[in-house]
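Data block for final_24.txt (compact mmCIF, C-alpha atoms and all ligand atoms):
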# COMPACT_ATOMS: atom_id res chain seq x y z
CA MET K 12 0.00 0.00 0.00
CA THR K 13 1.11 3.54 -0.72
CA THR K 14 0.29 6.40 1.62
CA MET K 15 0.61 9.99 0.54
CA ILE K 16 -0.85 13.38 1.36
CA VAL K 17 -2.65 14.71 -1.70
CA ASN K 18 -3.72 18.33 -1.52
CA GLY K 19 -3.64 18.15 2.26
CA VAL K 20 -5.62 14.91 2.57
CA LYS K 21 -4.10 11.55 3.58
CA ARG K 22 -4.67 8.93 0.89
CA GLU K 23 -4.02 5.20 1.09
CA LEU K 24 -3.76 3.54 -2.30
CA GLN K 25 -3.74 -0.09 -3.29
CA ALA K 26 -2.53 0.37 -6.87
CA PRO K 27 0.69 -1.43 -7.87
CA THR K 28 3.60 0.72 -6.79
CA ASP K 29 4.98 0.96 -10.32
CA THR K 30 1.77 2.61 -11.57
CA PRO K 31 2.49 6.12 -12.88
CA LEU K 32 1.45 8.69 -10.32
CA LEU K 33 -0.52 10.48 -13.06
CA TYR K 34 -2.81 7.49 -13.54
CA VAL K 35 -3.51 7.27 -9.83
CA LEU K 36 -4.26 10.97 -9.53
CA ARG K 37 -6.57 11.05 -12.53
CA ASN K 38 -8.19 7.63 -12.43
CA GLU K 39 -8.41 6.84 -8.72
CA LEU K 40 -8.48 10.26 -7.09
CA GLU K 41 -10.37 11.92 -9.96
CA LEU K 42 -8.05 14.92 -10.10
CA SER K 43 -8.23 16.22 -13.65
CA GLY K 44 -5.69 19.04 -13.34
CA PRO K 45 -2.64 17.01 -14.36
CA GLN K 46 -2.93 16.16 -18.04
CA PHE K 47 -1.65 13.23 -20.09
CA GLY K 48 0.32 14.87 -22.89
CA CYS K 49 3.30 12.87 -24.07
CA GLY K 50 3.62 10.30 -21.31
CA LEU K 51 7.39 10.51 -21.73
CA ALA K 52 8.45 13.47 -19.55
CA GLN K 53 8.77 15.60 -22.67
CA CYS K 54 6.00 18.21 -22.35
CA GLY K 55 5.22 19.06 -18.71
CA ALA K 56 1.43 18.80 -18.96
CA CYS K 57 1.30 16.20 -16.18
CA SER K 58 3.34 18.16 -13.64
CA VAL K 59 2.57 18.11 -9.92
CA LEU K 60 4.51 19.20 -6.86
CA LEU K 61 6.07 16.38 -4.87
CA ASN K 62 7.24 17.77 -1.54
CA GLY K 63 7.25 21.17 -3.26
CA LYS K 64 9.29 20.14 -6.29
CA GLU K 65 7.85 19.84 -9.76
CA VAL K 66 7.86 16.30 -11.11
CA ARG K 67 6.47 14.75 -14.24
CA SER K 68 3.80 12.49 -12.86
CA CYS K 69 3.59 10.48 -16.10
CA ILE K 70 6.96 8.87 -15.39
CA THR K 71 6.91 9.05 -11.59
CA PRO K 72 6.00 5.70 -10.07
CA LEU K 73 3.51 5.70 -7.25
CA SER K 74 6.25 4.33 -5.00
CA ALA K 75 8.17 7.62 -5.32
CA ALA K 76 5.29 9.46 -3.67
CA ASN K 77 5.02 7.14 -0.68
CA GLY K 78 5.09 9.18 2.52
CA LYS K 79 5.26 12.47 0.61
CA GLU K 80 3.06 15.46 -0.12
CA VAL K 81 1.55 15.81 -3.58
CA THR K 82 0.04 19.10 -4.69
CA THR K 83 -1.96 19.24 -7.89
CA LEU K 84 -3.51 22.22 -9.61
CA GLU K 85 -6.62 21.60 -7.50
CA GLY K 86 -4.58 22.07 -4.33
CA LEU K 87 -2.96 25.41 -5.12
CA GLN K 88 -5.59 27.51 -3.36
CA ALA K 89 -5.32 25.49 -0.14
CA ARG K 90 -1.54 25.53 -0.40
CA TRP K 91 -1.55 29.32 -0.47
CA ALA K 92 -4.06 29.51 2.38
CA GLN K 93 -1.85 27.30 4.52
CA GLN K 94 1.26 29.29 3.68
CA LYS K 95 -0.46 32.57 4.55
CA GLY K 96 -2.40 31.26 7.55
CA LEU K 97 -5.76 31.94 5.92
CA THR K 98 -8.77 30.11 7.30
CA GLY K 99 -12.53 30.02 6.82
CA GLU K 100 -14.05 32.49 4.40
CA ALA K 101 -10.73 34.16 3.63
CA ALA K 102 -9.22 30.84 2.60
CA ALA K 103 -12.29 29.92 0.57
CA LYS K 104 -12.36 33.10 -1.48
CA THR K 105 -8.62 33.69 -2.02
CA LEU K 106 -7.09 32.09 -5.09
CA HIS K 107 -3.42 31.24 -5.18
CA PRO K 108 -1.69 34.27 -6.75
CA VAL K 109 -0.60 32.07 -9.64
CA GLN K 110 -4.22 31.19 -10.35
CA ALA K 111 -5.30 34.81 -10.06
CA ALA K 112 -2.50 35.99 -12.34
CA TRP K 113 -3.33 33.35 -14.94
CA ILE K 114 -6.92 34.60 -15.00
CA GLU K 115 -5.98 38.28 -15.10
CA GLU K 116 -3.49 37.78 -17.90
CA GLN K 117 -5.91 35.46 -19.75
CA THR K 118 -2.94 33.18 -20.23
CA PRO K 119 -4.47 29.93 -21.53
CA LEU K 120 -5.36 29.44 -25.17
CA CYS K 121 -6.53 25.84 -25.56
CA GLY K 122 -5.42 25.35 -21.96
CA PHE K 123 -4.00 21.85 -22.27
CA CYS K 124 -0.48 22.73 -21.15
CA GLN K 125 -1.44 25.22 -18.49
CA ASN K 126 -1.57 22.81 -15.56
CA GLY K 127 2.14 22.24 -15.93
CA MET K 128 2.84 25.91 -16.46
CA MET K 129 1.06 26.89 -13.24
CA ILE K 130 2.71 24.13 -11.24
CA LYS K 131 6.12 25.18 -12.55
CA ALA K 132 5.37 28.82 -11.77
CA THR K 133 4.40 27.91 -8.23
CA GLU K 134 7.60 25.94 -7.69
CA LEU K 135 9.68 28.80 -9.08
CA LEU K 136 8.04 31.55 -7.04
CA GLU K 137 8.31 29.58 -3.81
CA SER K 138 12.09 29.49 -4.21
CA VAL K 139 12.72 32.69 -6.20
CA PRO K 140 10.09 35.27 -5.19
CA SER K 141 11.12 37.91 -7.75
CA PRO K 142 12.61 36.09 -10.74
CA SER K 143 14.08 37.89 -13.72
CA VAL K 144 12.79 37.09 -17.19
CA THR K 145 15.89 34.99 -17.72
CA GLN K 146 15.20 33.05 -14.55
CA ILE K 147 11.60 32.51 -15.63
CA LYS K 148 12.69 31.26 -19.05
CA ASP K 149 15.29 29.00 -17.48
CA ALA K 150 12.76 27.52 -15.07
CA PHE K 151 10.40 26.60 -17.88
CA THR K 152 13.02 25.35 -20.31
CA LYS K 153 15.70 23.66 -18.23
CA GLY K 154 15.27 20.56 -16.13
CA VAL K 155 13.94 17.27 -17.36
CA SER K 156 12.56 18.93 -20.52
CA PRO K 157 11.05 22.27 -21.57
CA HIS K 158 7.40 22.90 -20.76
CA LEU K 159 5.76 22.92 -24.16
CA CYS K 160 2.78 24.97 -25.32
CA ARG K 161 1.58 24.14 -28.80
CA CYS K 162 -0.52 27.31 -28.81
CA GLY K 163 2.46 29.57 -28.15
CA SER K 164 1.32 31.24 -24.93
CA TYR K 165 4.88 31.72 -23.73
CA THR K 166 4.84 35.53 -23.59
CA ALA K 167 1.61 35.50 -21.59
CA ILE K 168 3.10 32.93 -19.23
CA ILE K 169 6.07 35.19 -18.48
CA GLN K 170 3.71 38.10 -17.84
CA ALA K 171 1.54 35.97 -15.56
CA VAL K 172 4.55 34.80 -13.56
CA GLN K 173 5.64 38.41 -13.11
CA ARG K 174 2.13 39.40 -11.97
CA ALA K 175 1.97 36.48 -9.55
CA SER K 176 5.40 37.41 -8.22
CA THR K 177 4.22 40.93 -7.48
CA SER K 178 1.14 39.58 -5.66
CA MET K 179 3.08 37.02 -3.66
CA THR K 180 5.72 39.45 -2.53
CA LYS K 181 2.93 41.76 -1.40
CA GLY K 182 1.52 38.80 0.52
CA SER K 183 -1.83 38.29 -1.13
CA ALA K 184 -3.50 37.39 -4.37
CA ALA K 185 -4.00 40.24 -6.80
S1 LIG G 201 2.60 13.94 -20.05
FE1 LIG G 201 4.19 13.98 -18.59
S2 LIG G 201 5.70 15.27 -19.44
FE2 LIG G 201 4.23 15.05 -21.04
S1 LIG G 202 -2.48 26.82 -24.30
FE1 LIG G 202 -2.75 25.26 -25.81
S2 LIG G 202 -1.02 23.95 -25.54
FE2 LIG G 202 -0.63 25.67 -24.26
What's the structure tokens form of this structure?
Amino acid sequence: MTTMIVNGVKRELQAPTDTPLLYVLRNELELSGPQFGCGLAQCGACSVLLNGKEVRSCITPLSAANGKEVTTLEGLQARWAQQKGLTGEAAAKTLHPVQAAWIEEQTPLCGFCQNGMMIKATELLESVPSPSVTQIKDAFTKGVSPHLCRCGSYTAIIQAVQRASTSMTKGSAA
């Protein structure tokens, strides 16, 4: 059995431990944020945070998440609330600054890649609160593979990361 904390909730899973984490999240836990793009760690659409670090859940075996915290797109709002000590109504109505920035910048086109983009942005801003454009580009293009957007929303993504950075360093969603 695999035990992990998914979006703040303890989950005990019986799936074979070599099952890709993505399949467990989507098929067993019905979390539709992480997308199946390439299945080969080549696009980033399936990204989640594993103990705060972005991983490609399509190639991450369930065993790698045992005893760890998984945050999906669905968990970003609660993650921000916990980090800022928000509770009750304030927690319920406050989006994660990355979510708010993505809406304000109208970043998605078809939207398929955007789960991975928002997860990557969250990871980046938690470690580098005010990244330069070069640091943003590096974050999205270096690592296991670049995050790919077939619709070409890259400029909007950079703008959204900058907006989220401004909100986060001010301490609240925009
Ligand atoms: S689906 Fe995992 S990186 Fe493309
Ligand atoms: S918005 Fe369509 S693939 Fe990125």
If you take only C-alpha atoms and all ligand atoms and a cut-off of 9 Å, which residues of chain K touch ligand LIG 202 (chain G), and what are their nearest atom pairs and distances in Å to one decimal, in chain and number order, as JSON lines?
{"residue": "K:Ala56", "atom": "CA", "partner": "G:LIG202", "partner_atom": "S2", "distance": 8.7}
{"residue": "K:Thr118", "atom": "CA", "partner": "G:LIG202", "partner_atom": "S1", "distance": 7.6}
{"residue": "K:Pro119", "atom": "CA", "partner": "G:LIG202", "partner_atom": "S1", "distance": 4.6}
{"residue": "K:Leu120", "atom": "CA", "partner": "G:LIG202", "partner_atom": "S1", "distance": 4.0}
{"residue": "K:Cys121", "atom": "CA", "partner": "G:LIG202", "partner_atom": "FE1", "distance": 3.8}
{"residue": "K:Gly122", "atom": "CA", "partner": "G:LIG202", "partner_atom": "S1", "distance": 4.0}
{"residue": "K:Phe123", "atom": "CA", "partner": "G:LIG202", "partner_atom": "S2", "distance": 4.9}
{"residue": "K:Cys124", "atom": "CA", "partner": "G:LIG202", "partner_atom": "FE2", "distance": 4.3}
{"residue": "K:Gln125", "atom": "CA", "partner": "G:LIG202", "partner_atom": "FE2", "distance": 5.8}
{"residue": "K:Met128", "atom": "CA", "partner": "G:LIG202", "partner_atom": "FE2", "distance": 8.5}
{"residue": "K:Leu159", "atom": "CA", "partner": "G:LIG202", "partner_atom": "FE2", "distance": 7.0}
{"residue": "K:Cys160", "atom": "CA", "partner": "G:LIG202", "partner_atom": "FE2", "distance": 3.6}
{"residue": "K:Arg161", "atom": "CA", "partner": "G:LIG202", "partner_atom": "S2", "distance": 4.2}
{"residue": "K:Cys162", "atom": "CA", "partner": "G:LIG202", "partner_atom": "FE1", "distance": 4.3}
{"residue": "K:Gly163", "atom": "CA", "partner": "G:LIG202", "partner_atom": "FE2", "distance": 6.3}
{"residue": "K:Ser164", "atom": "CA", "partner": "G:LIG202", "partner_atom": "S1", "distance": 5.9}
{"residue": "K:Tyr165", "atom": "CA", "partner": "G:LIG202", "partner_atom": "FE2", "distance": 8.2}
Option closest in space to ligand LIG 201 (chain G), from K:Ile169, K:Met12, K:Val20, K:Val155 [counting only C-alpha atoms and all ligand atoms]: K:Val155
From K:Leu33, K:Ala92, K:Met129, K:Ala102, residue lying nearest ligand LIG 201 (chain G) [only C-alpha atoms and all ligand atoms]: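 Of K:Leu33, K:Ala92, K:Met129, K:Ala102, the one nearest ligand LIG 201 (chain G) is K:Leu33, counting only C-alpha atoms and all ligand atoms.
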Proximity of chain K to ligand LIG 201 (chain G): per-residue shortest pair, 6 Å limit, all atoms listed in the file, as a tab-separated table:
residue	atom	partner	partner_atom	distance
K:Phe47	CA	G:LIG201	S1	4.3
K:Gly48	CA	G:LIG201	S1	3.8
K:Cys49	CA	G:LIG201	FE2	3.8
K:Gly50	CA	G:LIG201	S1	4.0
K:Leu51	CA	G:LIG201	S2	5.5
K:Ala52	CA	G:LIG201	S2	3.3
K:Gln53	CA	G:LIG201	S2	4.5
K:Cys54	CA	G:LIG201	FE2	3.9
K:Gly55	CA	G:LIG201	S2	3.9
K:Ala56	CA	G:LIG201	S1	5.1
K:Cys57	CA	G:LIG201	FE1	4.4
K:Arg67	CA	G:LIG201	FE1	5.0
K:Ser68	CA	G:LIG201	FE1	5.9
K:Cys69	CA	G:LIG201	FE1	4.3
Test item: residues at most 10 Å from Gly19 (chain K), all atoms listed in the file, excluding those fewer than 5 positions along its chain, as a ChimeraX atom specification: /K:80-82,86,89-90,93
Straight-line distance linking CA of Ser74 (chain K) with CA of Leu32 (chain K), stated in Å to one decimal: 8.4 Å
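You will find CA of Gln88 (chain K) at 9.9 Å from CA of Ala111 (chain K).
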Selected residue of minimal separation from Leu42 (chain K) among K:Thr105, K:Thr83, K:Gln173, K:Ser143, counting all atoms listed in the file: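 Looking at the shortest contact to Leu42 (chain K), the residue is K:Thr83.
Between CA of Thr166 (chain K) and CA of Thr152 (chain K) there is a distance of 13.5 Å.
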Within-9 Å shell of (5.3, 12.0, -0.7) in input frame, all atoms listed in the file, as a PyMOL selection string: chain K and resi 14-17+61-62+74-81
Using all atoms listed in the file, give me every residue within 9 Å of (4.1, 27.9, -6.2) in file coordinates, as a compact mmCIF listing (two decimals) with C-alpha atoms, in the coordinates of the input.
# COMPACT_ATOMS: atom_id res chain seq x y z
CA LEU K 60 4.51 19.20 -6.86
CA GLY K 63 7.25 21.17 -3.26
CA LEU K 87 -2.96 25.41 -5.12
CA ARG K 90 -1.54 25.53 -0.40
CA TRP K 91 -1.55 29.32 -0.47
CA HIS K 107 -3.42 31.24 -5.18
CA PRO K 108 -1.69 34.27 -6.75
CA VAL K 109 -0.60 32.07 -9.64
CA MET K 129 1.06 26.89 -13.24
CA ILE K 130 2.71 24.13 -11.24
CA LYS K 131 6.12 25.18 -12.55
CA ALA K 132 5.37 28.82 -11.77
CA THR K 133 4.40 27.91 -8.23
CA GLU K 134 7.60 25.94 -7.69
CA LEU K 135 9.68 28.80 -9.08
CA LEU K 136 8.04 31.55 -7.04
CA GLU K 137 8.31 29.58 -3.81
CA SER K 138 12.09 29.49 -4.21
Per-axis box centre and lengths in Å around region 35-53 of chain K, 6 Å margin per side, axis-aligned, as JSON:
{"center_x": -0.8, "center_y": 12.9, "center_z": -15.6, "size_x": 31.1, "size_y": 24.2, "size_z": 29.0}
Selection near Thr180 (chain K), 9 Å with only C-alpha atoms, sequence-local residues under 5 positions removed, as number ranges by chain: K: 140-141, 175
Go ahead and write the residues just picked, C-alpha atoms, as an mmCIF file, in the coordinates of the input.
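To be explicit, this is the file written out as again-v1.cif:
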data_model
loop_
_atom_site.group_PDB
_atom_site.id
_atom_site.type_symbol
_atom_site.label_atom_id
_atom_site.label_comp_id
_atom_site.auth_asym_id
_atom_site.auth_seq_id
_atom_site.Cartn_x
_atom_site.Cartn_y
_atom_site.Cartn_z
ATOM 1 C CA PRO K 140 10.090 35.270 -5.190
ATOM 2 C CA SER K 141 11.120 37.910 -7.750
ATOM 3 C CA ALA K 175 1.970 36.480 -9.550
#
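Minimum atom-to-atom distances from K:Leu84, K:Val172, K:Leu106, K:Leu36 to Gln146 (chain K) were compared using only C-alpha atoms, and the lowest value belongs to K:Val172.
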Which residues are near Ala167 (chain K)? Cut-off 8 Å, only C-alpha atoms, ignore same chain within fewer than 4 positions. Put them as an mmCIF file with C-alpha atoms, in the frame of the given file.
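Everything below was put into around_6.cif:
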data_model
loop_
_atom_site.group_PDB
_atom_site.id
_atom_site.type_symbol
_atom_site.label_atom_id
_atom_site.label_comp_id
_atom_site.auth_asym_id
_atom_site.auth_seq_id
_atom_site.Cartn_x
_atom_site.Cartn_y
_atom_site.Cartn_z
ATOM 1 C CA GLU K 116 -3.490 37.780 -17.900
ATOM 2 C CA GLN K 117 -5.910 35.460 -19.750
ATOM 3 C CA THR K 118 -2.940 33.180 -20.230
ATOM 4 C CA ALA K 171 1.540 35.970 -15.560
#
Fix up region 64-75 of chain K with all heavy atoms, then write it as an mmCIF file, in the frame of the given file.
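What follows is the written file out_18.cif:
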data_model
loop_
_atom_site.group_PDB
_atom_site.id
_atom_site.type_symbol
_atom_site.label_atom_id
_atom_site.label_comp_id
_atom_site.auth_asym_id
_atom_site.auth_seq_id
_atom_site.Cartn_x
_atom_site.Cartn_y
_atom_site.Cartn_z
ATOM 1 N N LYS K 64 8.490 20.125 -5.061
ATOM 2 C CA LYS K 64 9.290 20.140 -6.290
ATOM 3 C C LYS K 64 8.475 19.603 -7.455
ATOM 4 O O LYS K 64 7.789 18.591 -7.320
ATOM 5 C CB LYS K 64 10.568 19.296 -6.116
ATOM 6 C CG LYS K 64 11.531 19.882 -5.101
ATOM 7 C CD LYS K 64 12.038 21.226 -5.556
ATOM 8 C CE LYS K 64 12.857 21.943 -4.497
ATOM 9 N NZ LYS K 64 13.066 23.368 -4.811
ATOM 10 N N GLU K 65 8.602 20.278 -8.603
ATOM 11 C CA GLU K 65 7.850 19.840 -9.760
ATOM 12 C C GLU K 65 8.384 18.513 -10.282
ATOM 13 O O GLU K 65 9.584 18.359 -10.487
ATOM 14 C CB GLU K 65 7.928 20.888 -10.874
ATOM 15 C CG GLU K 65 7.107 20.541 -12.109
ATOM 16 C CD GLU K 65 7.944 20.376 -13.355
ATOM 17 O OE1 GLU K 65 9.049 20.928 -13.429
ATOM 18 O OE2 GLU K 65 7.482 19.658 -14.258
ATOM 19 N N VAL K 66 7.480 17.568 -10.487
ATOM 20 C CA VAL K 66 7.860 16.300 -11.110
ATOM 21 C C VAL K 66 6.875 16.011 -12.237
ATOM 22 O O VAL K 66 5.753 16.513 -12.253
ATOM 23 C CB VAL K 66 7.854 15.111 -10.113
ATOM 24 C CG1 VAL K 66 8.868 15.325 -9.008
ATOM 25 C CG2 VAL K 66 6.459 14.863 -9.538
ATOM 26 N N ARG K 67 7.335 15.202 -13.149
ATOM 27 C CA ARG K 67 6.470 14.750 -14.240
ATOM 28 C C ARG K 67 5.771 13.485 -13.766
ATOM 29 O O ARG K 67 6.394 12.414 -13.665
ATOM 30 C CB ARG K 67 7.295 14.486 -15.506
ATOM 31 C CG ARG K 67 8.172 15.682 -15.921
ATOM 32 C CD ARG K 67 7.330 16.863 -16.366
ATOM 33 N NE ARG K 67 8.108 18.096 -16.451
ATOM 34 C CZ ARG K 67 8.717 18.521 -17.559
ATOM 35 N NH1 ARG K 67 8.671 17.803 -18.657
ATOM 36 N NH2 ARG K 67 9.372 19.662 -17.565
ATOM 37 N N SER K 68 4.500 13.610 -13.487
ATOM 38 C CA SER K 68 3.800 12.490 -12.860
ATOM 39 C C SER K 68 3.578 11.327 -13.827
ATOM 40 O O SER K 68 3.282 10.220 -13.390
ATOM 41 C CB SER K 68 2.463 12.951 -12.270
ATOM 42 O OG SER K 68 1.575 13.383 -13.274
ATOM 43 N N CYS K 69 3.783 11.574 -15.139
ATOM 44 C CA CYS K 69 3.590 10.480 -16.100
ATOM 45 C C CYS K 69 4.690 9.438 -15.999
ATOM 46 O O CYS K 69 4.490 8.288 -16.412
ATOM 47 C CB CYS K 69 3.503 11.026 -17.518
ATOM 48 S SG CYS K 69 5.026 11.794 -18.148
ATOM 49 N N ILE K 70 5.860 9.845 -15.504
ATOM 50 C CA ILE K 70 6.960 8.870 -15.390
ATOM 51 C C ILE K 70 7.357 8.636 -13.939
ATOM 52 O O ILE K 70 8.344 7.955 -13.673
ATOM 53 C CB ILE K 70 8.205 9.309 -16.190
ATOM 54 C CG1 ILE K 70 8.720 10.660 -15.689
ATOM 55 C CG2 ILE K 70 7.934 9.334 -17.680
ATOM 56 C CD1 ILE K 70 10.204 10.829 -15.883
ATOM 57 N N THR K 71 6.606 9.213 -13.015
ATOM 58 C CA THR K 71 6.910 9.050 -11.590
ATOM 59 C C THR K 71 6.110 7.869 -11.052
ATOM 60 O O THR K 71 4.875 7.916 -11.067
ATOM 61 C CB THR K 71 6.538 10.331 -10.813
ATOM 62 O OG1 THR K 71 7.265 11.430 -11.353
ATOM 63 C CG2 THR K 71 6.849 10.183 -9.331
ATOM 64 N N PRO K 72 6.774 6.820 -10.599
ATOM 65 C CA PRO K 72 6.000 5.700 -10.070
ATOM 66 C C PRO K 72 5.341 6.075 -8.752
ATOM 67 O O PRO K 72 5.844 6.910 -8.001
ATOM 68 C CB PRO K 72 7.055 4.603 -9.877
ATOM 69 C CG PRO K 72 8.335 5.335 -9.699
ATOM 70 C CD PRO K 72 8.217 6.584 -10.533
ATOM 71 N N LEU K 73 4.232 5.440 -8.495
ATOM 72 C CA LEU K 73 3.510 5.700 -7.250
ATOM 73 C C LEU K 73 4.435 5.534 -6.042
ATOM 74 O O LEU K 73 4.344 6.289 -5.068
ATOM 75 C CB LEU K 73 2.316 4.741 -7.162
ATOM 76 C CG LEU K 73 1.396 4.879 -5.964
ATOM 77 C CD1 LEU K 73 0.795 6.266 -5.881
ATOM 78 C CD2 LEU K 73 0.317 3.804 -6.036
ATOM 79 N N SER K 74 5.344 4.594 -6.128
ATOM 80 C CA SER K 74 6.250 4.330 -5.000
ATOM 81 C C SER K 74 7.064 5.569 -4.620
ATOM 82 O O SER K 74 7.417 5.759 -3.451
ATOM 83 C CB SER K 74 7.205 3.177 -5.328
ATOM 84 O OG SER K 74 7.955 3.491 -6.487
ATOM 85 N N ALA K 75 7.356 6.423 -5.592
ATOM 86 C CA ALA K 75 8.170 7.620 -5.320
ATOM 87 C C ALA K 75 7.414 8.636 -4.480
ATOM 88 O O ALA K 75 8.027 9.541 -3.912
ATOM 89 C CB ALA K 75 8.605 8.259 -6.637
#
